[in-house]
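For reference, model_9.txt is printed below; it contains compact mmCIF, C-alpha atoms.
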```
# COMPACT_ATOMS: atom_id res chain seq x y z
CA MET J 15 -41.57 22.59 -21.35
CA ALA J 16 -38.62 24.47 -22.74
CA SER J 17 -36.65 23.87 -25.90
CA ILE J 18 -33.13 22.55 -25.48
CA PRO J 19 -30.48 25.02 -26.75
CA GLN J 20 -28.66 23.98 -29.92
CA PRO J 21 -25.14 25.42 -30.31
CA ALA J 22 -23.98 26.16 -33.84
CA PRO J 23 -21.70 23.52 -35.41
CA THR J 24 -17.97 24.04 -34.94
CA PRO J 25 -14.91 22.66 -36.79
CA GLY J 26 -14.16 20.27 -33.92
CA ASP J 27 -15.69 16.81 -33.50
CA MET J 28 -18.20 17.57 -30.77
CA ASP J 29 -20.17 14.30 -30.92
CA TRP J 30 -17.91 12.34 -28.58
CA PHE J 31 -17.42 15.37 -26.33
CA VAL J 32 -21.08 15.93 -25.52
CA GLN J 33 -21.52 12.21 -24.91
CA SER J 34 -18.59 12.07 -22.47
CA ARG J 35 -19.55 14.88 -20.09
CA PHE J 36 -16.75 14.17 -17.58
CA GLY J 37 -12.98 14.48 -17.89
CA MET J 38 -9.81 14.62 -15.81
CA PHE J 39 -7.54 17.66 -15.80
CA ILE J 40 -3.94 17.05 -14.66
CA HIS J 41 -1.65 19.91 -13.59
CA TRP J 42 1.88 18.59 -13.15
CA GLY J 43 5.25 20.25 -13.30
CA THR J 44 8.25 21.15 -11.19
CA TYR J 45 5.96 23.36 -9.05
CA ALA J 46 4.81 20.10 -7.44
CA LEU J 47 8.07 20.15 -5.45
CA ALA J 48 7.35 23.63 -4.07
CA ALA J 49 3.93 22.16 -3.16
CA ARG J 50 2.35 25.56 -2.65
CA HIS J 51 0.43 26.35 -5.84
CA GLU J 52 1.33 26.12 -9.52
CA TRP J 53 1.71 29.94 -9.66
CA VAL J 54 4.34 29.88 -6.89
CA LYS J 55 7.00 31.41 -9.18
CA ASN J 56 4.66 34.33 -9.89
CA ARG J 57 3.27 34.72 -6.38
CA GLU J 58 6.66 34.77 -4.69
CA GLU J 59 8.48 36.44 -7.61
CA ILE J 60 11.11 33.71 -7.58
CA PRO J 61 14.10 34.39 -9.88
CA ASP J 62 15.07 31.74 -12.43
CA GLU J 63 18.29 30.86 -10.63
CA VAL J 64 16.39 30.14 -7.39
CA TYR J 65 13.46 28.36 -9.08
CA ARG J 66 15.99 26.10 -10.80
CA LYS J 67 16.23 23.96 -7.65
CA TYR J 68 12.88 22.38 -8.49
CA PHE J 69 14.13 21.36 -11.93
CA ASP J 70 17.34 19.99 -10.44
CA HIS J 71 15.43 17.81 -7.96
CA PHE J 72 12.43 16.75 -10.04
CA ASP J 73 12.36 12.95 -9.90
CA PRO J 74 8.83 11.46 -9.81
CA ASP J 75 10.08 7.95 -9.11
CA LEU J 76 6.68 6.64 -8.04
CA SER J 77 4.81 7.80 -11.14
CA ASP J 78 2.45 5.10 -12.41
CA PRO J 79 0.60 6.26 -15.54
CA ALA J 80 -1.47 3.06 -15.64
CA ALA J 81 -2.71 3.71 -12.09
CA TRP J 82 -3.64 7.31 -12.95
CA ALA J 83 -5.52 6.20 -16.04
CA ARG J 84 -7.30 3.44 -14.18
CA ALA J 85 -8.39 5.87 -11.45
CA ALA J 86 -9.81 8.21 -14.11
CA ARG J 87 -11.71 5.45 -15.87
CA GLU J 88 -13.10 4.07 -12.61
CA ALA J 89 -14.27 7.58 -11.68
CA GLY J 90 -16.36 7.62 -14.85
CA MET J 91 -14.14 10.07 -16.73
CA LYS J 92 -14.02 9.70 -20.51
CA TYR J 93 -11.11 11.96 -21.46
CA PHE J 94 -8.13 13.67 -19.88
CA VAL J 95 -6.25 16.93 -20.44
CA ILE J 96 -2.63 17.15 -19.25
CA THR J 97 -0.42 20.23 -18.82
CA THR J 98 2.30 19.54 -21.38
CA LYS J 99 3.74 22.94 -20.40
CA HIS J 100 2.39 25.26 -17.72
CA HIS J 101 3.26 28.92 -17.13
CA GLU J 102 6.61 28.02 -15.52
CA GLY J 103 7.74 26.88 -18.99
CA PHE J 104 8.74 23.34 -18.01
CA CYS J 105 7.87 20.67 -20.61
CA LEU J 106 6.84 17.12 -19.81
CA TRP J 107 7.93 15.77 -23.19
CA ASP J 108 11.27 15.52 -25.00
CA SER J 109 10.95 18.71 -27.03
CA ASP J 110 13.61 19.55 -29.61
CA TYR J 111 13.19 23.27 -28.88
CA THR J 112 14.17 23.57 -25.22
CA ASP J 113 16.45 22.05 -22.59
CA TYR J 114 13.89 22.88 -19.91
CA LYS J 115 12.18 19.50 -20.09
CA ALA J 116 11.62 16.30 -18.11
CA PRO J 117 14.36 14.22 -19.81
CA ASN J 118 16.96 16.70 -18.47
CA THR J 119 15.84 16.40 -14.84
CA PRO J 120 16.94 13.58 -12.51
CA CYS J 121 13.86 11.74 -13.82
CA GLY J 122 15.70 11.41 -17.13
CA LYS J 123 12.78 10.56 -19.40
CA ASP J 124 9.79 11.78 -21.37
CA LEU J 125 6.81 11.80 -18.98
CA LEU J 126 4.11 12.65 -21.50
CA ARG J 127 4.24 9.66 -23.83
CA PRO J 128 3.66 7.01 -21.11
CA LEU J 129 0.65 8.99 -19.88
CA VAL J 130 -0.86 9.25 -23.34
CA GLU J 131 -0.40 5.52 -23.90
CA ALA J 132 -1.82 4.58 -20.49
CA PHE J 133 -4.95 6.71 -20.80
CA ARG J 134 -5.60 5.48 -24.34
CA ALA J 135 -5.25 1.91 -23.08
CA GLU J 136 -8.07 2.61 -20.61
CA GLY J 137 -10.27 3.95 -23.41
CA LEU J 138 -9.98 7.67 -22.61
CA ARG J 139 -9.61 10.43 -25.17
CA VAL J 140 -6.45 12.56 -25.08
CA GLY J 141 -6.19 16.32 -24.58
CA PHE J 142 -3.12 18.55 -24.39
CA TYR J 143 -3.01 21.74 -22.32
CA TYR J 144 -0.35 24.17 -23.52
CA SER J 145 0.43 27.44 -21.75
CA LEU J 146 0.68 30.50 -23.97
CA ILE J 147 2.52 32.09 -21.06
CA ASP J 148 6.14 31.17 -20.29
CA TRP J 149 8.04 32.68 -17.36
CA HIS J 150 11.22 30.80 -18.33
CA HIS J 151 11.65 31.56 -22.03
CA PRO J 152 14.17 34.36 -22.70
CA ASP J 153 12.05 35.91 -25.49
CA PHE J 154 8.81 36.09 -23.49
CA PRO J 155 8.43 39.78 -22.61
CA ILE J 156 8.01 40.59 -18.93
CA ASP J 157 4.49 41.79 -18.13
CA GLY J 158 2.13 42.18 -15.21
CA ILE J 159 1.80 38.46 -14.48
CA HIS J 160 5.47 37.61 -15.04
CA SER J 161 7.57 36.54 -12.07
CA ARG J 162 10.01 39.43 -12.79
CA ARG J 163 7.33 42.12 -13.09
CA ASN J 164 8.77 44.14 -10.19
CA HIS J 165 12.39 43.85 -11.26
CA PRO J 166 13.76 47.42 -11.32
CA ASP J 167 15.12 46.90 -14.85
CA ALA J 168 12.09 45.04 -16.27
CA LEU J 169 11.49 47.55 -19.08
CA GLU J 170 15.15 47.54 -20.01
CA LEU J 171 15.24 43.72 -19.97
CA ASN J 172 12.29 43.64 -22.37
CA LYS J 173 14.31 45.45 -25.04
CA SER J 174 16.18 42.20 -25.73
CA ARG J 175 13.05 40.03 -25.74
CA ASP J 176 11.22 39.32 -29.00
CA VAL J 177 7.68 38.00 -28.71
CA ARG J 178 7.77 37.08 -32.42
CA LYS J 179 10.53 34.58 -31.71
CA TYR J 180 8.53 33.28 -28.78
CA ALA J 181 5.43 32.82 -31.00
CA GLU J 182 7.56 30.78 -33.40
CA TYR J 183 8.79 28.68 -30.47
CA MET J 184 5.20 27.99 -29.48
CA ARG J 185 4.22 26.91 -32.97
CA ASN J 186 7.21 24.59 -33.13
CA GLN J 187 6.30 22.98 -29.83
CA VAL J 188 2.60 22.65 -30.66
CA ARG J 189 3.58 21.07 -33.96
CA GLU J 190 5.60 18.49 -32.02
CA LEU J 191 2.65 17.75 -29.75
CA LEU J 192 0.30 17.29 -32.67
CA THR J 193 2.60 15.15 -34.83
CA LYS J 194 4.45 12.89 -32.39
CA PHE J 195 1.67 11.50 -30.16
CA GLY J 196 -0.96 10.21 -32.57
CA ASN J 197 -4.53 11.47 -32.66
CA ILE J 198 -5.12 14.29 -30.18
CA ASP J 199 -8.72 15.08 -29.32
CA ILE J 200 -8.40 18.42 -27.51
CA MET J 201 -5.95 21.34 -27.68
CA TRP J 202 -6.42 23.42 -24.54
CA PHE J 203 -4.56 26.78 -24.69
CA ASP J 204 -4.16 29.04 -21.64
CA PHE J 205 -4.52 32.10 -21.62
CA SER J 206 -4.81 35.62 -23.08
CA TYR J 207 -4.93 38.92 -21.17
CA PRO J 208 -4.61 41.82 -23.66
CA ALA J 209 -6.23 44.36 -21.33
CA ASN J 210 -3.74 43.78 -18.50
CA GLU J 211 -1.22 46.58 -18.09
CA TYR J 212 1.34 46.97 -15.31
CA ARG J 213 4.07 49.57 -14.91
CA GLY J 214 4.06 50.31 -18.62
CA MET J 215 4.13 46.64 -19.60
CA ARG J 216 1.10 45.49 -21.55
CA GLY J 217 -0.63 42.13 -21.45
CA LYS J 218 -0.73 39.69 -24.34
CA GLY J 219 -3.30 38.53 -26.83
CA ARG J 220 -3.86 37.34 -30.38
CA ASP J 221 -1.19 39.47 -32.02
CA ASP J 222 1.49 38.34 -29.57
CA TRP J 223 0.62 34.66 -29.89
CA GLN J 224 0.01 35.03 -33.65
CA SER J 225 -3.19 33.18 -32.83
CA GLU J 226 -4.54 33.03 -36.37
CA ALA J 227 -1.46 31.18 -37.63
CA LEU J 228 -1.34 28.99 -34.54
CA LEU J 229 -4.98 27.95 -34.85
CA ALA J 230 -4.68 27.34 -38.60
CA MET J 231 -1.74 25.02 -37.99
CA VAL J 232 -3.63 23.11 -35.29
CA ARG J 233 -6.65 22.61 -37.56
CA GLU J 234 -4.44 21.50 -40.44
CA LEU J 235 -2.43 18.99 -38.40
CA GLN J 236 -5.36 17.49 -36.52
CA PRO J 237 -8.69 17.90 -38.38
CA GLY J 238 -11.56 17.43 -35.98
CA ILE J 239 -9.55 18.44 -32.91
CA ILE J 240 -11.44 20.46 -30.29
CA VAL J 241 -9.86 23.84 -29.47
CA ASN J 242 -10.84 26.02 -26.51
CA ASN J 243 -11.51 29.74 -26.39
CA ARG J 244 -8.39 31.28 -24.86
CA LEU J 245 -6.48 32.44 -27.95
CA ASP J 246 -8.16 35.88 -27.89
CA LEU J 247 -10.00 35.21 -31.14
CA PRO J 248 -13.70 35.78 -31.97
CA ALA J 249 -16.01 33.40 -30.10
CA GLU J 250 -17.06 31.50 -33.21
CA ARG J 251 -13.46 30.40 -33.83
CA SER J 252 -13.56 28.20 -30.72
CA ASP J 253 -15.16 24.79 -30.30
CA ILE J 254 -15.62 24.97 -26.52
CA HIS J 255 -15.88 27.75 -23.97
CA THR J 256 -14.25 27.13 -20.63
CA PRO J 257 -15.58 28.93 -17.53
CA GLU J 258 -13.00 28.35 -14.79
CA GLN J 259 -13.83 27.76 -11.13
CA VAL J 260 -17.39 28.87 -11.91
CA GLN J 261 -20.57 26.81 -11.73
CA PRO J 262 -22.94 28.00 -14.47
CA THR J 263 -26.61 28.00 -13.54
CA GLY J 264 -27.84 27.73 -17.12
CA TRP J 265 -26.62 26.86 -20.59
CA VAL J 266 -23.59 29.06 -21.29
CA GLU J 267 -24.17 31.71 -23.93
CA VAL J 268 -21.73 34.02 -25.73
CA ASP J 269 -23.13 37.09 -27.47
CA GLY J 270 -26.61 35.76 -26.71
CA LYS J 271 -26.03 32.41 -28.44
CA PRO J 272 -25.63 28.98 -26.80
CA VAL J 273 -22.17 27.40 -27.08
CA PHE J 274 -20.53 24.09 -26.30
CA TRP J 275 -18.97 24.46 -22.88
CA GLU J 276 -16.89 22.81 -20.19
CA THR J 277 -16.26 24.12 -16.70
CA CYS J 278 -12.86 23.30 -15.22
CA GLN J 279 -12.73 22.84 -11.46
CA THR J 280 -10.41 21.70 -8.69
CA PHE J 281 -10.78 19.32 -5.76
CA SER J 282 -9.33 22.07 -3.55
CA GLY J 283 -8.20 25.66 -4.08
CA SER J 284 -5.16 24.86 -6.22
CA TRP J 285 -4.49 23.24 -9.59
CA GLY J 286 -0.98 22.03 -8.84
CA TYR J 287 -0.17 19.92 -5.78
CA TYR J 288 -0.50 22.04 -2.63
CA ARG J 289 0.51 20.21 0.51
CA ASP J 290 -0.99 22.64 3.05
CA GLU J 291 -4.20 23.62 1.25
CA TYR J 292 -7.32 22.47 3.10
CA THR J 293 -10.37 23.75 1.22
CA TRP J 294 -11.12 20.34 -0.25
CA LYS J 295 -14.66 19.89 -1.50
CA SER J 296 -17.10 17.56 0.23
CA PRO J 297 -18.55 14.48 -1.50
CA GLU J 298 -21.85 16.32 -1.90
CA GLN J 299 -20.15 19.28 -3.58
CA LEU J 300 -18.20 17.02 -5.94
CA ILE J 301 -21.25 15.13 -7.19
CA ARG J 302 -23.45 18.19 -7.38
CA MET J 303 -20.88 20.04 -9.50
CA LEU J 304 -20.97 17.22 -12.03
CA VAL J 305 -24.76 17.04 -12.00
CA ASN J 306 -25.15 20.81 -12.23
CA SER J 307 -22.84 20.97 -15.24
CA VAL J 308 -24.67 18.28 -17.22
CA SER J 309 -28.09 19.62 -16.24
CA CYS J 310 -27.06 22.90 -17.90
CA GLY J 311 -25.78 21.20 -21.06
CA GLY J 312 -22.07 21.26 -20.22
CA ASN J 313 -19.08 19.13 -19.28
CA LEU J 314 -17.02 19.00 -16.10
CA LEU J 315 -13.21 18.84 -16.28
CA MET J 316 -12.07 17.99 -12.74
CA ASN J 317 -8.45 18.54 -11.81
CA VAL J 318 -5.86 16.43 -10.01
CA GLY J 319 -2.44 17.79 -9.04
CA PRO J 320 0.06 14.90 -8.67
CA THR J 321 2.85 15.12 -6.11
CA GLY J 322 6.53 15.57 -6.87
CA ARG J 323 6.99 11.82 -6.57
CA GLY J 324 4.32 11.22 -9.18
CA THR J 325 1.43 10.04 -7.03
CA PHE J 326 -2.14 11.15 -6.42
CA ASP J 327 -2.16 11.96 -2.70
CA ALA J 328 -4.70 10.41 -0.32
CA ARG J 329 -7.08 13.38 -0.52
CA ALA J 330 -7.18 13.25 -4.32
CA LEU J 331 -7.71 9.49 -4.29
CA ALA J 332 -10.56 9.92 -1.81
CA ALA J 333 -12.22 12.52 -4.05
CA LEU J 334 -11.82 10.27 -7.09
CA GLY J 335 -13.31 7.48 -4.98
CA VAL J 336 -16.43 9.59 -4.42
CA TYR J 337 -16.90 9.83 -8.18
CA ARG J 338 -16.05 6.15 -8.66
CA ASP J 339 -18.65 4.94 -6.17
CA TRP J 340 -21.38 7.26 -7.43
CA MET J 341 -20.71 6.89 -11.15
CA ARG J 342 -20.60 3.08 -10.91
CA LEU J 343 -24.34 3.17 -10.30
CA HIS J 344 -25.37 6.49 -11.85
CA SER J 345 -23.23 7.06 -14.95
CA ARG J 346 -26.14 6.72 -17.35
CA ALA J 347 -27.68 9.80 -15.74
CA ILE J 348 -24.54 11.71 -16.82
CA CYS J 349 -22.90 10.25 -19.95
CA GLY J 350 -24.91 10.96 -23.06
CA CYS J 351 -27.22 13.30 -21.16
CA THR J 352 -27.89 16.99 -21.45
CA GLN J 353 -30.22 19.69 -20.20
CA SER J 354 -33.83 18.54 -19.98
CA GLU J 355 -36.80 20.04 -21.72
CA PHE J 356 -38.74 19.75 -18.45
CA ARG J 357 -38.67 21.89 -15.31
CA ALA J 358 -37.01 20.45 -12.21
CA PRO J 359 -38.76 20.21 -8.83
CA PRO J 360 -37.32 22.27 -5.95
CA ASP J 361 -33.92 20.98 -4.69
CA CYS J 362 -33.53 18.75 -7.75
CA ARG J 363 -31.73 18.81 -11.10
CA LEU J 364 -32.81 17.12 -14.33
CA THR J 365 -30.70 15.50 -17.01
CA GLN J 366 -32.13 13.78 -20.06
CA ASN J 367 -31.08 11.32 -22.73
CA GLY J 368 -33.87 10.86 -25.26
CA ASP J 369 -36.84 9.21 -23.56
CA ARG J 370 -34.93 8.69 -20.29
CA LEU J 371 -35.28 11.49 -17.77
CA TYR J 372 -33.15 11.60 -14.63
CA CYS J 373 -34.11 13.48 -11.49
CA HIS J 374 -31.12 14.10 -9.22
CA VAL J 375 -32.47 14.77 -5.73
CA PHE J 376 -30.27 17.16 -3.74
CA ALA J 377 -32.61 17.32 -0.71
CA TRP J 378 -34.60 14.15 -0.03
CA PRO J 379 -38.30 14.98 0.53
CA PHE J 380 -40.69 13.19 2.85
CA ARG J 381 -42.72 10.49 1.09
CA HIS J 382 -43.69 12.31 -2.12
CA LEU J 383 -41.99 14.09 -4.99
CA GLN J 384 -43.97 16.15 -7.48
CA LEU J 385 -42.45 16.67 -10.92
CA PRO J 386 -43.94 19.58 -12.88
CA GLU J 387 -45.32 19.07 -16.40
CA LEU J 388 -44.95 15.28 -16.27
CA ALA J 389 -48.47 14.06 -15.47
CA ASP J 390 -49.42 11.28 -17.94
CA LYS J 391 -45.98 11.45 -19.60
CA VAL J 392 -44.17 8.74 -17.65
CA GLU J 393 -44.72 5.02 -18.11
CA TYR J 394 -42.38 3.81 -15.35
CA ALA J 395 -40.17 5.18 -12.55
CA GLN J 396 -37.36 3.65 -10.51
CA LEU J 397 -34.42 4.50 -8.32
CA LEU J 398 -31.40 4.28 -10.57
CA HIS J 399 -28.90 2.81 -8.09
CA ASP J 400 -30.84 -0.45 -7.57
CA ALA J 401 -33.63 -0.37 -10.21
CA SER J 402 -36.30 -0.51 -7.51
CA GLU J 403 -39.72 0.69 -8.63
CA LEU J 404 -41.19 3.96 -7.46
CA GLN J 405 -44.95 3.96 -7.64
CA ILE J 406 -46.73 6.68 -9.57
CA LEU J 407 -49.60 8.01 -7.45
CA PRO J 408 -52.91 9.47 -8.58
CA PRO J 409 -53.24 13.23 -8.02
CA LYS J 410 -53.78 14.12 -4.37
CA GLU J 411 -55.38 17.12 -2.75
CA GLY J 412 -52.98 20.05 -2.91
CA ALA J 413 -50.91 18.54 -5.74
CA VAL J 414 -49.49 20.86 -8.36
CA SER J 415 -51.62 20.86 -11.49
CA GLY J 416 -50.04 18.84 -14.28
CA ALA J 417 -47.40 17.34 -11.98
CA LEU J 418 -46.44 13.69 -11.63
CA THR J 419 -46.41 12.44 -8.04
CA LEU J 420 -44.00 9.69 -6.97
CA ASP J 421 -44.18 7.67 -3.76
CA LEU J 422 -40.71 7.71 -2.17
CA PRO J 423 -39.15 5.69 0.64
CA VAL J 424 -39.02 7.64 3.89
CA ARG J 425 -35.25 7.20 4.22
CA GLN J 426 -32.91 8.60 1.60
CA PRO J 427 -31.17 5.85 -0.38
CA ASP J 428 -27.50 5.30 0.38
CA ALA J 429 -26.18 7.61 -2.32
CA VAL J 430 -24.53 11.02 -2.09
CA VAL J 431 -27.12 12.24 -4.60
CA PRO J 432 -29.95 9.77 -5.26
CA VAL J 433 -31.25 9.61 -8.83
CA ILE J 434 -34.72 8.73 -10.07
CA GLU J 435 -34.93 7.30 -13.58
CA LEU J 436 -38.13 8.09 -15.49
CA PHE J 437 -39.11 6.26 -18.66
CA LEU J 438 -41.07 8.71 -20.78
CA LYS J 439 -43.99 7.61 -22.91
```
I'd like the structure from this file rewritten - as structure tokens, please.
Amino acid sequence: MASIPQPAPTPGDMDWFVQSRFGMFIHWGTYALAARHEWVKNREEIPDEVYRKYFDHFDPDLSDPAAWARAAREAGMKYFVITTKHHEGFCLWDSDYTDYKAPNTPCGKDLLRPLVEAFRAEGLRVGFYYSLIDWHHPDFPIDGIHSRRNHPDALELNKSRDVRKYAEYMRNQVRELLTKFGNIDIMWFDFSYPANEYRGMRGKGRDDWQSEALLAMVRELQPGIIVNNRLDLPAERSDIHTPEQVQPTGWVEVDGKPVFWETCQTFSGSWGYYRDEYTWKSPEQLIRMLVNSVSCGGNLLMNVGPTGRGTFDARALAALGVYRDWMRLHSRAICGCTQSEFRAPPDCRLTQNGDRLYCHVFAWPFRHLQLPELADKVEYAQLLHDASELQILPPKEGAVSGALTLDLPVRQPDAVVPVIELFLK
């Protein structure tokens, strides 16, 4: 048996977060019309005057916030995080500090408020993503990840750009987000890159964002809010750490100490809607990513990129359906659970909630499953999806010493990942 890591307390309210375990990320902006990655402006070095066509034609007439929220709840998700502003600089809400916002597109309205209200109505917590980067703002200095990085006069253009004014703009916008939409549970900033240097243009970090002042304001306006780790501040200033497109194989540690963590992942290879992207994950991969995260003490934030008309496309709905069908029968092996104190059998993962232990079986064995360290520690065992008993067998010849042996059906149950529920003594 191993002790379960205990992260140090943080200023944020982590109780609900570690109970939830599963959230929805939403990347939505005018890049949905380009439909070829949310970094399309950067990748193709599109000038503002050309990129403007997406703003001029942005009209998500089929957007149905209630349907999005319902899909998230049915998938077993307990919170959502929405890109209020991504790197392109476009804002979903009616900000007083920019004209580059949804109400000024053909859509003609604030898109953020209806989403917040719809997700709250379904019982989900609310998180706001806010990009520290802004390829549209005139005071954001051009750097190595800016869409104008290869402009021949980039260094000269930067002489008229003042990052201090941009930092003030950010604080004004974040203040709006944290004062006009009620209680906000998560503030998800993205991202810092102080070590990046390109053609004499340096990256950006805490001094550029004025991170100390920004974080202090966030904490003051919304006590208990959870803030992520991308402001380029010391690790202990963050509530959660956010490995991206990475599947941790153990409890995440920073400077040798366990932390609260959440991995953010995509259904395919893009965050924003990408019409011609085909590396969509299989049902087995989707469920295993969720199980792996919780079995290592973390959360999974799974992304959806809505289309330019405001819909989840068929592939996204199918992926959400995988979670819906599995979580309908197996959610108690995820929500409220964490890393187990026990060692998992081969091809299995363990999650635990008090005296309930859950064995997620990735490769169904023939007839018997031996669980290390659990002999004489289990009073009852059953398949979780239908509550059918699994008999506990006496030790057999060749059995692992100290292991519990379960008698399994020959055929794998009809579940992407079957789960065995063990009631500990």
Which value, in Å to one decimal, gives the distance between CA of Lys99 (chain J) and CA of Ala49 (chain J)?
-> 17.3 Å
Rank nothing, just name the residue among J:Pro408, J:Pro248, J:Tyr394, J:Lys439 nearest to His382 (chain J), using all atoms listed in the file.
-> J:Pro408
Between CA of Tyr93 (chain J) and CA of Leu138 (chain J), distance in Å (one decimal) |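 Going from CA of Tyr93 (chain J) over to CA of Leu138 (chain J), I get 4.6 Å.
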Quick one: pull the distance between CA of Gly26 (chain J) and CA of Glu52 (chain J), Å, one decimal.
->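 Atom-to-atom, CA of Gly26 (chain J) and CA of Glu52 (chain J) are spaced 29.5 Å apart.
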Near region 287-299 of chain J, within 8 Å and counting all atoms listed in the file, which residues show up once chain neighbours fewer than 6 positions away are dropped, as a PyMOL selection string?
-> chain J and resi 41-42+45-46+49-52+281+318-321+333+336+430-431
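Nearest-residue note for Tyr144 (chain J): choosing from J:Val54, J:Val241, J:Ala377, J:Leu364, the minimum distance belongs to J:Val241, counting only C-alpha atoms.
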Output as a tab-separated table one row per residue of region 193-282 of chain J within 9 Å of region 175-178 of chain J: the closest atom pair and its distance in Å to one decimal place, counting only C-alpha atoms, sorted by chain and residue number ascending.
```
residue	atom	partner	partner_atom	distance
J:Asp222	CA	J:Val177	CA	6.3
J:Trp223	CA	J:Val177	CA	7.9
J:Gln224	CA	J:Arg178	CA	8.1
```
Could you check which of J:Glu276, J:Asp390, J:Asp339, J:Asp157 is closest to Arg35 (chain J), using only C-alpha atoms?
-> J:Glu276
Find the residues around Ala395 (chain J) up to 7 Å (all atoms listed in the file counted), leave out those fewer than 5 positions away in its own chain, and share them as a tab-separated table (two decimals) with C-alpha atoms, in the frame of the given file.
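For reference, around_25.tsv as written:
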```
chain	number	residue	atom	x	y	z
J	403	GLU	CA	-39.72	0.69	-8.63
J	404	LEU	CA	-41.19	3.96	-7.46
J	405	GLN	CA	-44.95	3.96	-7.64
J	434	ILE	CA	-34.72	8.73	-10.07
J	435	GLU	CA	-34.93	7.30	-13.58
J	436	LEU	CA	-38.13	8.09	-15.49
J	437	PHE	CA	-39.11	6.26	-18.66
```
